[in-house]
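Text of the file my_file_32.cif, holding mmCIF, N, CA and C atoms:
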```cif
data_my_file
loop_
_atom_site.label_atom_id
_atom_site.label_comp_id
_atom_site.auth_asym_id
_atom_site.auth_seq_id
_atom_site.Cartn_x
_atom_site.Cartn_y
_atom_site.Cartn_z
N MET X 708 -18.00 -4.04 49.95
CA MET X 708 -17.21 -2.82 49.97
C MET X 708 -15.78 -3.12 49.55
N MET X 709 -15.25 -2.30 48.68
CA MET X 709 -13.89 -2.51 48.20
C MET X 709 -12.90 -2.01 49.24
N GLU X 710 -11.85 -2.78 49.42
CA GLU X 710 -10.72 -2.35 50.24
C GLU X 710 -9.50 -2.35 49.33
N LYS X 711 -8.74 -1.26 49.34
CA LYS X 711 -7.54 -1.21 48.52
C LYS X 711 -6.50 -0.33 49.18
N GLU X 712 -5.25 -0.59 48.84
CA GLU X 712 -4.17 0.32 49.18
C GLU X 712 -4.17 1.35 48.07
N THR X 713 -4.29 2.62 48.41
CA THR X 713 -4.47 3.61 47.36
C THR X 713 -3.20 3.89 46.57
N MET X 714 -2.05 3.60 47.12
CA MET X 714 -0.84 3.87 46.37
C MET X 714 0.20 2.79 46.65
N LEU X 715 0.58 2.07 45.61
CA LEU X 715 1.67 1.11 45.76
C LEU X 715 2.98 1.88 45.81
N LYS X 716 3.81 1.52 46.71
CA LYS X 716 5.15 2.13 46.81
C LYS X 716 6.13 1.20 46.11
N VAL X 717 6.82 1.73 45.11
CA VAL X 717 7.76 0.95 44.32
C VAL X 717 9.15 1.55 44.54
N PRO X 718 9.99 0.89 45.34
CA PRO X 718 11.27 1.49 45.72
C PRO X 718 12.20 1.79 44.55
N THR X 719 12.04 1.10 43.43
CA THR X 719 12.93 1.32 42.30
C THR X 719 12.40 2.39 41.33
N GLN X 720 11.25 3.00 41.65
CA GLN X 720 10.69 4.05 40.79
C GLN X 720 10.53 5.33 41.58
N ALA X 721 10.66 6.45 40.89
CA ALA X 721 10.47 7.75 41.52
C ALA X 721 9.02 7.92 41.94
N LYS X 722 8.80 8.77 42.93
CA LYS X 722 7.44 9.08 43.34
C LYS X 722 6.69 9.66 42.14
N PRO X 723 5.44 9.26 41.92
CA PRO X 723 4.69 9.83 40.78
C PRO X 723 4.66 11.36 40.85
N TYR X 724 4.76 11.99 39.69
CA TYR X 724 4.80 13.46 39.63
C TYR X 724 3.41 14.08 39.67
N ALA X 725 2.38 13.27 39.57
CA ALA X 725 1.00 13.75 39.63
C ALA X 725 0.25 12.88 40.64
N PRO X 726 -0.97 13.25 40.99
CA PRO X 726 -1.70 12.48 41.99
C PRO X 726 -2.29 11.18 41.43
N TYR X 727 -1.42 10.25 41.08
CA TYR X 727 -1.83 8.92 40.67
C TYR X 727 -0.89 7.94 41.30
N SER X 728 -1.17 6.66 41.16
CA SER X 728 -0.27 5.65 41.71
C SER X 728 0.17 4.71 40.60
N TYR X 729 1.25 3.99 40.85
CA TYR X 729 1.72 3.01 39.89
C TYR X 729 0.79 1.82 39.82
N GLY X 730 0.00 1.63 40.84
CA GLY X 730 -0.96 0.54 40.84
C GLY X 730 -1.76 0.53 42.13
N CYS X 731 -2.85 -0.19 42.11
CA CYS X 731 -3.71 -0.35 43.28
C CYS X 731 -3.82 -1.83 43.59
N LYS X 732 -3.62 -2.17 44.82
CA LYS X 732 -3.80 -3.54 45.26
C LYS X 732 -5.20 -3.67 45.84
N VAL X 733 -6.04 -4.43 45.17
CA VAL X 733 -7.41 -4.59 45.60
C VAL X 733 -7.50 -5.79 46.52
N LYS X 734 -7.99 -5.56 47.74
CA LYS X 734 -8.10 -6.63 48.72
C LYS X 734 -9.44 -7.34 48.63
N LYS X 735 -10.50 -6.57 48.54
CA LYS X 735 -11.84 -7.15 48.45
C LYS X 735 -12.66 -6.33 47.48
N VAL X 736 -13.29 -7.02 46.55
CA VAL X 736 -14.21 -6.35 45.64
C VAL X 736 -15.39 -7.27 45.44
N GLY X 737 -16.58 -6.75 45.66
CA GLY X 737 -17.77 -7.54 45.40
C GLY X 737 -18.20 -7.41 43.95
N THR X 738 -18.04 -6.23 43.39
CA THR X 738 -18.48 -5.97 42.02
C THR X 738 -17.48 -5.06 41.34
N PHE X 739 -17.10 -5.41 40.11
CA PHE X 739 -16.30 -4.53 39.27
C PHE X 739 -17.24 -3.77 38.35
N ILE X 740 -16.92 -2.50 38.10
CA ILE X 740 -17.67 -1.68 37.15
C ILE X 740 -16.68 -1.21 36.09
N PHE X 741 -16.94 -1.52 34.85
CA PHE X 741 -16.07 -1.12 33.75
C PHE X 741 -16.78 -0.02 32.97
N ILE X 742 -16.18 1.16 32.96
CA ILE X 742 -16.77 2.32 32.28
C ILE X 742 -16.06 2.51 30.95
N ALA X 743 -16.83 2.45 29.87
CA ALA X 743 -16.30 2.67 28.53
C ALA X 743 -15.89 4.14 28.38
N GLY X 744 -15.21 4.45 27.30
CA GLY X 744 -14.73 5.81 27.08
C GLY X 744 -15.82 6.85 27.19
N VAL X 745 -15.63 7.80 28.11
CA VAL X 745 -16.56 8.90 28.34
C VAL X 745 -15.97 10.13 27.66
N VAL X 746 -16.83 10.88 26.97
CA VAL X 746 -16.37 11.99 26.14
C VAL X 746 -17.03 13.30 26.58
N PRO X 747 -16.55 14.45 26.06
CA PRO X 747 -17.06 15.76 26.49
C PRO X 747 -18.33 16.20 25.75
N ASN X 748 -19.36 15.37 25.80
CA ASN X 748 -20.62 15.72 25.14
C ASN X 748 -21.63 16.22 26.16
N ASP X 749 -22.53 17.10 25.69
CA ASP X 749 -23.65 17.51 26.53
C ASP X 749 -24.77 16.48 26.39
N ALA X 750 -25.90 16.73 27.03
CA ALA X 750 -27.00 15.76 27.04
C ALA X 750 -27.60 15.52 25.66
N GLU X 751 -27.38 16.45 24.73
CA GLU X 751 -27.88 16.28 23.36
C GLU X 751 -26.86 15.61 22.45
N GLY X 752 -25.69 15.29 22.98
CA GLY X 752 -24.66 14.62 22.19
C GLY X 752 -23.70 15.55 21.47
N ASN X 753 -23.77 16.85 21.76
CA ASN X 753 -22.88 17.82 21.14
C ASN X 753 -21.58 17.93 21.92
N ILE X 754 -20.46 18.00 21.22
CA ILE X 754 -19.17 18.21 21.87
C ILE X 754 -19.14 19.63 22.42
N VAL X 755 -18.78 19.76 23.69
CA VAL X 755 -18.75 21.09 24.33
C VAL X 755 -17.33 21.67 24.24
N CYS X 756 -17.25 22.96 24.41
CA CYS X 756 -15.97 23.68 24.55
C CYS X 756 -14.99 23.34 23.44
N GLN X 757 -15.40 23.52 22.20
CA GLN X 757 -14.54 23.24 21.06
C GLN X 757 -13.18 23.92 21.21
N GLY X 758 -12.11 23.16 21.08
CA GLY X 758 -10.76 23.69 21.14
C GLY X 758 -10.24 24.00 22.54
N ASP X 759 -11.01 23.70 23.58
CA ASP X 759 -10.65 24.05 24.96
C ASP X 759 -10.48 22.77 25.78
N ILE X 760 -9.24 22.34 25.98
CA ILE X 760 -8.98 21.09 26.70
C ILE X 760 -9.46 21.17 28.14
N LEU X 761 -9.36 22.31 28.80
CA LEU X 761 -9.82 22.44 30.18
C LEU X 761 -11.34 22.27 30.25
N GLY X 762 -12.06 22.97 29.41
CA GLY X 762 -13.52 22.86 29.39
C GLY X 762 -13.97 21.45 29.04
N GLN X 763 -13.31 20.83 28.06
CA GLN X 763 -13.67 19.47 27.68
C GLN X 763 -13.35 18.48 28.80
N THR X 764 -12.25 18.69 29.50
CA THR X 764 -11.90 17.80 30.62
C THR X 764 -12.94 17.91 31.71
N ARG X 765 -13.35 19.12 32.04
CA ARG X 765 -14.37 19.30 33.08
C ARG X 765 -15.68 18.60 32.70
N GLN X 766 -16.09 18.75 31.44
CA GLN X 766 -17.33 18.10 30.99
C GLN X 766 -17.18 16.58 31.02
N THR X 767 -16.02 16.09 30.59
CA THR X 767 -15.80 14.64 30.58
C THR X 767 -15.82 14.08 32.00
N VAL X 768 -15.20 14.77 32.94
CA VAL X 768 -15.20 14.31 34.33
C VAL X 768 -16.62 14.36 34.89
N ALA X 769 -17.40 15.38 34.56
CA ALA X 769 -18.79 15.46 35.01
C ALA X 769 -19.59 14.29 34.43
N ASN X 770 -19.36 13.98 33.16
CA ASN X 770 -20.05 12.85 32.53
C ASN X 770 -19.62 11.52 33.16
N LEU X 771 -18.33 11.41 33.45
CA LEU X 771 -17.82 10.20 34.09
C LEU X 771 -18.46 10.04 35.48
N LYS X 772 -18.53 11.14 36.22
CA LYS X 772 -19.13 11.09 37.56
C LYS X 772 -20.58 10.61 37.48
N ALA X 773 -21.34 11.15 36.53
CA ALA X 773 -22.75 10.74 36.38
C ALA X 773 -22.85 9.27 36.02
N THR X 774 -21.95 8.79 35.17
CA THR X 774 -21.96 7.39 34.76
C THR X 774 -21.62 6.48 35.93
N VAL X 775 -20.59 6.85 36.68
CA VAL X 775 -20.16 6.07 37.85
C VAL X 775 -21.27 6.03 38.89
N GLU X 776 -21.90 7.17 39.13
CA GLU X 776 -22.98 7.22 40.12
C GLU X 776 -24.19 6.41 39.67
N ALA X 777 -24.46 6.38 38.36
CA ALA X 777 -25.56 5.57 37.84
C ALA X 777 -25.32 4.09 38.10
N ALA X 778 -24.04 3.71 38.23
CA ALA X 778 -23.68 2.32 38.53
C ALA X 778 -23.64 2.06 40.04
N GLY X 779 -23.91 3.09 40.84
CA GLY X 779 -23.92 2.93 42.29
C GLY X 779 -22.57 3.10 42.95
N ALA X 780 -21.63 3.73 42.25
CA ALA X 780 -20.28 3.91 42.78
C ALA X 780 -19.97 5.41 42.89
N THR X 781 -18.78 5.73 43.41
CA THR X 781 -18.29 7.10 43.48
C THR X 781 -16.84 7.11 43.00
N PHE X 782 -16.28 8.30 42.90
CA PHE X 782 -14.87 8.40 42.52
C PHE X 782 -13.96 7.73 43.55
N ASN X 783 -14.41 7.59 44.78
CA ASN X 783 -13.61 6.90 45.80
C ASN X 783 -13.43 5.42 45.49
N ASP X 784 -14.24 4.89 44.58
CA ASP X 784 -14.19 3.47 44.23
C ASP X 784 -13.30 3.19 43.01
N VAL X 785 -12.59 4.20 42.54
CA VAL X 785 -11.77 4.03 41.34
C VAL X 785 -10.60 3.09 41.60
N ILE X 786 -10.32 2.25 40.61
CA ILE X 786 -9.15 1.38 40.64
C ILE X 786 -8.17 1.81 39.55
N LYS X 787 -8.67 2.02 38.31
CA LYS X 787 -7.80 2.31 37.17
C LYS X 787 -8.50 3.26 36.22
N LEU X 788 -7.77 4.26 35.74
CA LEU X 788 -8.26 5.18 34.72
C LEU X 788 -7.30 5.17 33.54
N THR X 789 -7.86 5.28 32.35
CA THR X 789 -7.06 5.49 31.15
C THR X 789 -7.61 6.74 30.47
N THR X 790 -6.74 7.69 30.21
CA THR X 790 -7.13 8.96 29.61
C THR X 790 -6.45 9.10 28.26
N TYR X 791 -7.25 9.39 27.25
CA TYR X 791 -6.74 9.60 25.89
C TYR X 791 -6.88 11.09 25.58
N VAL X 792 -5.77 11.72 25.18
CA VAL X 792 -5.77 13.15 24.87
C VAL X 792 -5.16 13.33 23.49
N VAL X 793 -5.82 14.13 22.65
CA VAL X 793 -5.29 14.42 21.32
C VAL X 793 -3.94 15.11 21.50
N ALA X 794 -2.94 14.62 20.77
CA ALA X 794 -1.55 15.04 20.97
C ALA X 794 -1.37 16.55 20.90
N ASP X 795 -2.09 17.24 20.03
CA ASP X 795 -1.96 18.69 19.92
C ASP X 795 -2.37 19.40 21.21
N SER X 796 -3.19 18.75 22.03
CA SER X 796 -3.67 19.33 23.29
C SER X 796 -2.85 18.87 24.48
N MET X 797 -1.91 17.94 24.26
CA MET X 797 -1.18 17.33 25.36
C MET X 797 -0.42 18.36 26.19
N LYS X 798 0.25 19.31 25.55
CA LYS X 798 1.04 20.28 26.31
C LYS X 798 0.15 21.13 27.22
N ASP X 799 -1.07 21.44 26.77
CA ASP X 799 -2.00 22.21 27.60
C ASP X 799 -2.61 21.35 28.69
N TYR X 800 -2.78 20.05 28.42
CA TYR X 800 -3.40 19.13 29.38
C TYR X 800 -2.47 18.84 30.55
N LEU X 801 -1.18 18.70 30.29
CA LEU X 801 -0.25 18.23 31.31
C LEU X 801 -0.03 19.20 32.46
N GLY X 802 -0.38 20.44 32.29
CA GLY X 802 -0.20 21.41 33.37
C GLY X 802 -1.34 21.35 34.37
N PRO X 803 -2.02 22.47 34.54
CA PRO X 803 -3.06 22.54 35.56
C PRO X 803 -4.26 21.64 35.28
N VAL X 804 -4.54 21.34 34.02
CA VAL X 804 -5.71 20.52 33.70
C VAL X 804 -5.56 19.13 34.29
N CYS X 805 -4.41 18.51 34.08
CA CYS X 805 -4.16 17.17 34.60
C CYS X 805 -4.27 17.15 36.12
N GLY X 806 -3.68 18.14 36.78
CA GLY X 806 -3.74 18.20 38.23
C GLY X 806 -5.16 18.39 38.75
N GLU X 807 -5.92 19.25 38.08
CA GLU X 807 -7.31 19.48 38.50
C GLU X 807 -8.14 18.21 38.31
N TYR X 808 -7.97 17.56 37.18
CA TYR X 808 -8.73 16.35 36.86
C TYR X 808 -8.38 15.22 37.82
N LEU X 809 -7.09 14.96 38.01
CA LEU X 809 -6.70 13.83 38.86
C LEU X 809 -6.98 14.08 40.34
N SER X 810 -7.11 15.34 40.74
CA SER X 810 -7.38 15.61 42.15
C SER X 810 -8.78 15.15 42.55
N ALA X 811 -9.64 14.86 41.59
CA ALA X 811 -10.99 14.37 41.89
C ALA X 811 -10.97 12.90 42.31
N PHE X 812 -9.86 12.22 42.10
CA PHE X 812 -9.77 10.79 42.35
C PHE X 812 -8.73 10.50 43.42
N PRO X 813 -8.93 9.46 44.24
CA PRO X 813 -7.98 9.13 45.30
C PRO X 813 -6.83 8.25 44.80
N ASN X 814 -5.88 8.85 44.12
CA ASN X 814 -4.66 8.16 43.66
C ASN X 814 -4.91 6.87 42.90
N PRO X 815 -5.59 6.93 41.77
CA PRO X 815 -5.82 5.71 41.01
C PRO X 815 -4.56 5.30 40.25
N ALA X 816 -4.53 4.06 39.80
CA ALA X 816 -3.56 3.69 38.78
C ALA X 816 -4.07 4.40 37.53
N GLU X 817 -3.22 5.16 36.87
CA GLU X 817 -3.68 5.99 35.76
C GLU X 817 -2.69 5.94 34.61
N THR X 818 -3.22 5.81 33.40
CA THR X 818 -2.40 5.83 32.20
C THR X 818 -2.88 6.96 31.31
N LEU X 819 -1.95 7.78 30.81
CA LEU X 819 -2.25 8.87 29.90
C LEU X 819 -1.69 8.51 28.53
N VAL X 820 -2.54 8.56 27.51
CA VAL X 820 -2.13 8.20 26.16
C VAL X 820 -2.38 9.38 25.23
N GLY X 821 -1.35 9.81 24.51
CA GLY X 821 -1.50 10.84 23.49
C GLY X 821 -1.87 10.18 22.18
N VAL X 822 -2.90 10.67 21.52
CA VAL X 822 -3.40 10.07 20.28
C VAL X 822 -3.48 11.12 19.19
N ALA X 823 -3.49 10.66 17.93
CA ALA X 823 -3.60 11.57 16.80
C ALA X 823 -5.00 12.16 16.72
N CYS X 824 -6.01 11.35 16.99
CA CYS X 824 -7.38 11.84 16.97
C CYS X 824 -8.25 10.87 17.77
N LEU X 825 -9.46 11.32 18.07
CA LEU X 825 -10.45 10.48 18.74
C LEU X 825 -11.62 10.27 17.79
N ALA X 826 -12.65 9.59 18.23
CA ALA X 826 -13.74 9.16 17.35
C ALA X 826 -14.47 10.31 16.66
N ASN X 827 -14.63 11.43 17.35
CA ASN X 827 -15.38 12.55 16.79
C ASN X 827 -14.49 13.77 16.62
N GLU X 828 -14.58 14.39 15.46
CA GLU X 828 -13.79 15.59 15.20
C GLU X 828 -14.11 16.65 16.24
N GLY X 829 -13.09 17.27 16.81
CA GLY X 829 -13.26 18.29 17.84
C GLY X 829 -13.15 17.75 19.26
N GLN X 830 -13.22 16.46 19.39
CA GLN X 830 -13.10 15.83 20.72
C GLN X 830 -11.62 15.77 21.07
N LEU X 831 -11.25 16.29 22.25
CA LEU X 831 -9.84 16.35 22.65
C LEU X 831 -9.48 15.36 23.75
N ILE X 832 -10.48 14.78 24.44
CA ILE X 832 -10.21 13.91 25.57
C ILE X 832 -11.27 12.82 25.67
N GLU X 833 -10.86 11.66 26.17
CA GLU X 833 -11.76 10.54 26.45
C GLU X 833 -11.19 9.79 27.65
N ILE X 834 -12.06 9.43 28.59
CA ILE X 834 -11.60 8.74 29.81
C ILE X 834 -12.40 7.47 30.01
N GLU X 835 -11.69 6.37 30.29
CA GLU X 835 -12.36 5.13 30.66
C GLU X 835 -11.84 4.69 32.02
N GLY X 836 -12.61 3.86 32.72
CA GLY X 836 -12.18 3.50 34.05
C GLY X 836 -12.71 2.17 34.54
N ILE X 837 -12.04 1.68 35.57
CA ILE X 837 -12.47 0.49 36.28
C ILE X 837 -12.68 0.90 37.73
N PHE X 838 -13.85 0.56 38.26
CA PHE X 838 -14.22 0.88 39.62
C PHE X 838 -14.61 -0.39 40.33
N GLY X 839 -14.52 -0.40 41.64
CA GLY X 839 -14.87 -1.59 42.40
C GLY X 839 -15.70 -1.26 43.61
N LEU X 840 -16.69 -2.10 43.86
CA LEU X 840 -17.54 -1.94 45.05
C LEU X 840 -17.32 -3.09 46.00
#
```
Structure translated into structure tokens:
Amino acid sequence: MMEKETMLKVPTQAKPYAPYSYGCKVKKVGTFIFIAGVVPNDAEGNIVCQGDILGQTRQTVANLKATVEAAGATFNDVIKLTTYVVADSMKDYLGPVCGEYLSAFPNPAETLVGVACLANEGQLIEIEGIFGL
């Protein structure tokens, strides 16, 4: 079972403006799970919710959850997330979408990267993560 401090307190930095932490201190981990970039595809491989960052984020988080659970973990086991968002969608993502998405996780270390494009045309978001059991 993983033991971690969910939020590192860094006295020289402001409190994070979203529900993430500057880092996680892992005390005990038996197994690390590395999840490659998860995208907003349905079971047939089609990108869902074309042009809708909220819909794509919800699908991506659902896909991430299924992948994490297939590995025997849950969102409570998250250590680090990296989220890639197409720059044109960034302004829409940073409001309620980011808050809704990050609220599913217990204060992970999280990095948000704005990109020009992702692997598939129409894809607006991709999330990868590290989990520990």
Residues at most 7 Å from X:Val785, counting all atoms listed in the file, excluding those fewer than 2 positions away in the same chain, as a list in words?
-> Thr781, Phe782, Asn783, Lys787, Leu788, Pro813, Asn814, Pro815, Ala816, Ile837, Phe838 and Gly839 of chain X
Write the selection just made, keeping N, CA and C atoms, as a PDB file, keeping the file's coordinate frame?
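Generated output (again_20.pdb):
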```pdb
ATOM      1  N   THR X 781     -18.780   5.730  43.410  1.00  0.00           N
ATOM      2  CA  THR X 781     -18.290   7.100  43.480  1.00  0.00           C
ATOM      3  C   THR X 781     -16.840   7.110  43.000  1.00  0.00           C
ATOM      4  N   PHE X 782     -16.280   8.300  42.900  1.00  0.00           N
ATOM      5  CA  PHE X 782     -14.870   8.400  42.520  1.00  0.00           C
ATOM      6  C   PHE X 782     -13.960   7.730  43.550  1.00  0.00           C
ATOM      7  N   ASN X 783     -14.410   7.590  44.780  1.00  0.00           N
ATOM      8  CA  ASN X 783     -13.610   6.900  45.800  1.00  0.00           C
ATOM      9  C   ASN X 783     -13.430   5.420  45.490  1.00  0.00           C
ATOM     10  N   LYS X 787      -8.670   2.020  38.310  1.00  0.00           N
ATOM     11  CA  LYS X 787      -7.800   2.310  37.170  1.00  0.00           C
ATOM     12  C   LYS X 787      -8.500   3.260  36.220  1.00  0.00           C
ATOM     13  N   LEU X 788      -7.770   4.260  35.740  1.00  0.00           N
ATOM     14  CA  LEU X 788      -8.260   5.180  34.720  1.00  0.00           C
ATOM     15  C   LEU X 788      -7.300   5.170  33.540  1.00  0.00           C
ATOM     16  N   PRO X 813      -8.930   9.460  44.240  1.00  0.00           N
ATOM     17  CA  PRO X 813      -7.980   9.130  45.300  1.00  0.00           C
ATOM     18  C   PRO X 813      -6.830   8.250  44.800  1.00  0.00           C
ATOM     19  N   ASN X 814      -5.880   8.850  44.120  1.00  0.00           N
ATOM     20  CA  ASN X 814      -4.660   8.160  43.660  1.00  0.00           C
ATOM     21  C   ASN X 814      -4.910   6.870  42.900  1.00  0.00           C
ATOM     22  N   PRO X 815      -5.590   6.930  41.770  1.00  0.00           N
ATOM     23  CA  PRO X 815      -5.820   5.710  41.010  1.00  0.00           C
ATOM     24  C   PRO X 815      -4.560   5.300  40.250  1.00  0.00           C
ATOM     25  N   ALA X 816      -4.530   4.060  39.800  1.00  0.00           N
ATOM     26  CA  ALA X 816      -3.560   3.690  38.780  1.00  0.00           C
ATOM     27  C   ALA X 816      -4.070   4.400  37.530  1.00  0.00           C
ATOM     28  N   ILE X 837     -12.040   1.680  35.570  1.00  0.00           N
ATOM     29  CA  ILE X 837     -12.470   0.490  36.280  1.00  0.00           C
ATOM     30  C   ILE X 837     -12.680   0.900  37.730  1.00  0.00           C
ATOM     31  N   PHE X 838     -13.850   0.560  38.260  1.00  0.00           N
ATOM     32  CA  PHE X 838     -14.220   0.880  39.620  1.00  0.00           C
ATOM     33  C   PHE X 838     -14.610  -0.390  40.330  1.00  0.00           C
ATOM     34  N   GLY X 839     -14.520  -0.400  41.640  1.00  0.00           N
ATOM     35  CA  GLY X 839     -14.870  -1.590  42.400  1.00  0.00           C
ATOM     36  C   GLY X 839     -15.700  -1.260  43.610  1.00  0.00           C
TER      37      GLY X 839
END
```
Any chance you could list, as a list in words, the residues in chain X that come up alpha helix (DSSP H) when DSSP is run on the backbone?
-> Ile760, Leu761, Gly762, Gln763, Thr764, Arg765, Gln766, Thr767, Val768, Ala769, Asn770, Leu771, Lys772, Ala773, Thr774, Val775, Glu776, Ala777, Ala794, Asp795, Ser796, Met797, Lys798, Asp799, Cys805, Gly806, Glu807, Tyr808 and Leu809 of chain X
Could you write out as a PDB file with N, CA and C atoms, in the frame of the given file the residues that the PyMOL selection byres ((chain X and resi 747) around 7) matches in the shown file?
```
ATOM      1  N   VAL X 745     -15.630   7.800  28.110  1.00  0.00           N
ATOM      2  CA  VAL X 745     -16.560   8.900  28.340  1.00  0.00           C
ATOM      3  C   VAL X 745     -15.970  10.130  27.660  1.00  0.00           C
ATOM      4  N   VAL X 746     -16.830  10.880  26.970  1.00  0.00           N
ATOM      5  CA  VAL X 746     -16.370  11.990  26.140  1.00  0.00           C
ATOM      6  C   VAL X 746     -17.030  13.300  26.580  1.00  0.00           C
ATOM      7  N   ASN X 748     -19.360  15.370  25.800  1.00  0.00           N
ATOM      8  CA  ASN X 748     -20.620  15.720  25.140  1.00  0.00           C
ATOM      9  C   ASN X 748     -21.630  16.220  26.160  1.00  0.00           C
ATOM     10  N   ASP X 749     -22.530  17.100  25.690  1.00  0.00           N
ATOM     11  CA  ASP X 749     -23.650  17.510  26.530  1.00  0.00           C
ATOM     12  C   ASP X 749     -24.770  16.480  26.390  1.00  0.00           C
ATOM     13  N   GLY X 752     -25.690  15.290  22.980  1.00  0.00           N
ATOM     14  CA  GLY X 752     -24.660  14.620  22.190  1.00  0.00           C
ATOM     15  C   GLY X 752     -23.700  15.550  21.470  1.00  0.00           C
ATOM     16  N   ASN X 753     -23.770  16.850  21.760  1.00  0.00           N
ATOM     17  CA  ASN X 753     -22.880  17.820  21.140  1.00  0.00           C
ATOM     18  C   ASN X 753     -21.580  17.930  21.920  1.00  0.00           C
ATOM     19  N   ILE X 754     -20.460  18.000  21.220  1.00  0.00           N
ATOM     20  CA  ILE X 754     -19.170  18.210  21.870  1.00  0.00           C
ATOM     21  C   ILE X 754     -19.140  19.630  22.420  1.00  0.00           C
ATOM     22  N   VAL X 755     -18.780  19.760  23.690  1.00  0.00           N
ATOM     23  CA  VAL X 755     -18.750  21.090  24.330  1.00  0.00           C
ATOM     24  C   VAL X 755     -17.330  21.670  24.240  1.00  0.00           C
ATOM     25  N   CYS X 756     -17.250  22.960  24.410  1.00  0.00           N
ATOM     26  CA  CYS X 756     -15.970  23.680  24.550  1.00  0.00           C
ATOM     27  C   CYS X 756     -14.990  23.340  23.440  1.00  0.00           C
ATOM     28  N   GLY X 762     -12.060  22.970  29.410  1.00  0.00           N
ATOM     29  CA  GLY X 762     -13.520  22.860  29.390  1.00  0.00           C
ATOM     30  C   GLY X 762     -13.970  21.450  29.040  1.00  0.00           C
ATOM     31  N   GLN X 763     -13.310  20.830  28.060  1.00  0.00           N
ATOM     32  CA  GLN X 763     -13.670  19.470  27.680  1.00  0.00           C
ATOM     33  C   GLN X 763     -13.350  18.480  28.800  1.00  0.00           C
ATOM     34  N   THR X 764     -12.250  18.690  29.500  1.00  0.00           N
ATOM     35  CA  THR X 764     -11.900  17.800  30.620  1.00  0.00           C
ATOM     36  C   THR X 764     -12.940  17.910  31.710  1.00  0.00           C
ATOM     37  N   ARG X 765     -13.350  19.120  32.040  1.00  0.00           N
ATOM     38  CA  ARG X 765     -14.370  19.300  33.080  1.00  0.00           C
ATOM     39  C   ARG X 765     -15.680  18.600  32.700  1.00  0.00           C
ATOM     40  N   GLN X 766     -16.090  18.750  31.440  1.00  0.00           N
ATOM     41  CA  GLN X 766     -17.330  18.100  30.990  1.00  0.00           C
ATOM     42  C   GLN X 766     -17.180  16.580  31.020  1.00  0.00           C
ATOM     43  N   THR X 767     -16.020  16.090  30.590  1.00  0.00           N
ATOM     44  CA  THR X 767     -15.800  14.640  30.580  1.00  0.00           C
ATOM     45  C   THR X 767     -15.820  14.080  32.000  1.00  0.00           C
ATOM     46  N   VAL X 768     -15.200  14.770  32.940  1.00  0.00           N
ATOM     47  CA  VAL X 768     -15.200  14.310  34.330  1.00  0.00           C
ATOM     48  C   VAL X 768     -16.620  14.360  34.890  1.00  0.00           C
ATOM     49  N   GLN X 830     -13.220  16.460  19.390  1.00  0.00           N
ATOM     50  CA  GLN X 830     -13.100  15.830  20.720  1.00  0.00           C
ATOM     51  C   GLN X 830     -11.620  15.770  21.070  1.00  0.00           C
ATOM     52  N   LEU X 831     -11.250  16.290  22.250  1.00  0.00           N
ATOM     53  CA  LEU X 831      -9.840  16.350  22.650  1.00  0.00           C
ATOM     54  C   LEU X 831      -9.480  15.360  23.750  1.00  0.00           C
ATOM     55  N   ILE X 832     -10.480  14.780  24.440  1.00  0.00           N
ATOM     56  CA  ILE X 832     -10.210  13.910  25.570  1.00  0.00           C
ATOM     57  C   ILE X 832     -11.270  12.820  25.670  1.00  0.00           C
ATOM     58  N   GLU X 833     -10.860  11.660  26.170  1.00  0.00           N
ATOM     59  CA  GLU X 833     -11.760  10.540  26.450  1.00  0.00           C
ATOM     60  C   GLU X 833     -11.190   9.790  27.650  1.00  0.00           C
TER      61      GLU X 833
END
```
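Of note, atom CA of X:Ala769 and atom CA of X:Met797 are spaced 20.2 Å apart.
Put simply, atom CA of X:Tyr791 is 24.8 Å away from atom N of X:Val717.
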Can you list, as a ChimeraX atom specification, all residues belonging to stretch 729-832 of chain X that DSSP tags as strand (DSSP E or B)?
-> /X:732-735,739-745,748,754,785-793,816-822,832
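Atom pair atom C of X:Leu840 / atom CA of X:Lys772 has a distance of 16.6 Å (rounded to one decimal).
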Output file request: stretch 740-760 of chain X, with C-alpha atoms, as a tab-separated table (two decimals), in the first residue's frame.
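Written file, part07.tsv:
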```tsv
chain	number	residue	atom	x	y	z
X	740	ILE	CA	2.08	2.09	-12.54
X	741	PHE	CA	3.00	4.30	-15.49
X	742	ILE	CA	0.02	5.25	-17.66
X	743	ALA	CA	0.82	6.42	-21.19
X	744	GLY	CA	-1.11	9.29	-22.74
X	745	VAL	CA	-4.86	8.64	-22.53
X	746	VAL	CA	-7.02	10.37	-25.12
X	747	PRO	CA	-10.75	11.16	-25.62
X	748	ASN	CA	-11.59	8.13	-27.76
X	749	ASP	CA	-14.61	5.86	-27.50
X	750	ALA	CA	-14.32	2.06	-27.52
X	751	GLU	CA	-14.15	2.05	-31.34
X	752	GLY	CA	-11.24	4.52	-31.38
X	753	ASN	CA	-13.25	7.55	-32.51
X	754	ILE	CA	-12.51	10.95	-30.97
X	755	VAL	CA	-15.59	12.06	-29.03
X	756	CYS	CA	-17.04	15.55	-28.59
X	757	GLN	CA	-15.26	17.24	-31.50
X	758	GLY	CA	-14.38	20.83	-30.57
X	759	ASP	CA	-15.64	20.45	-26.97
X	760	ILE	CA	-12.85	20.53	-24.38
```
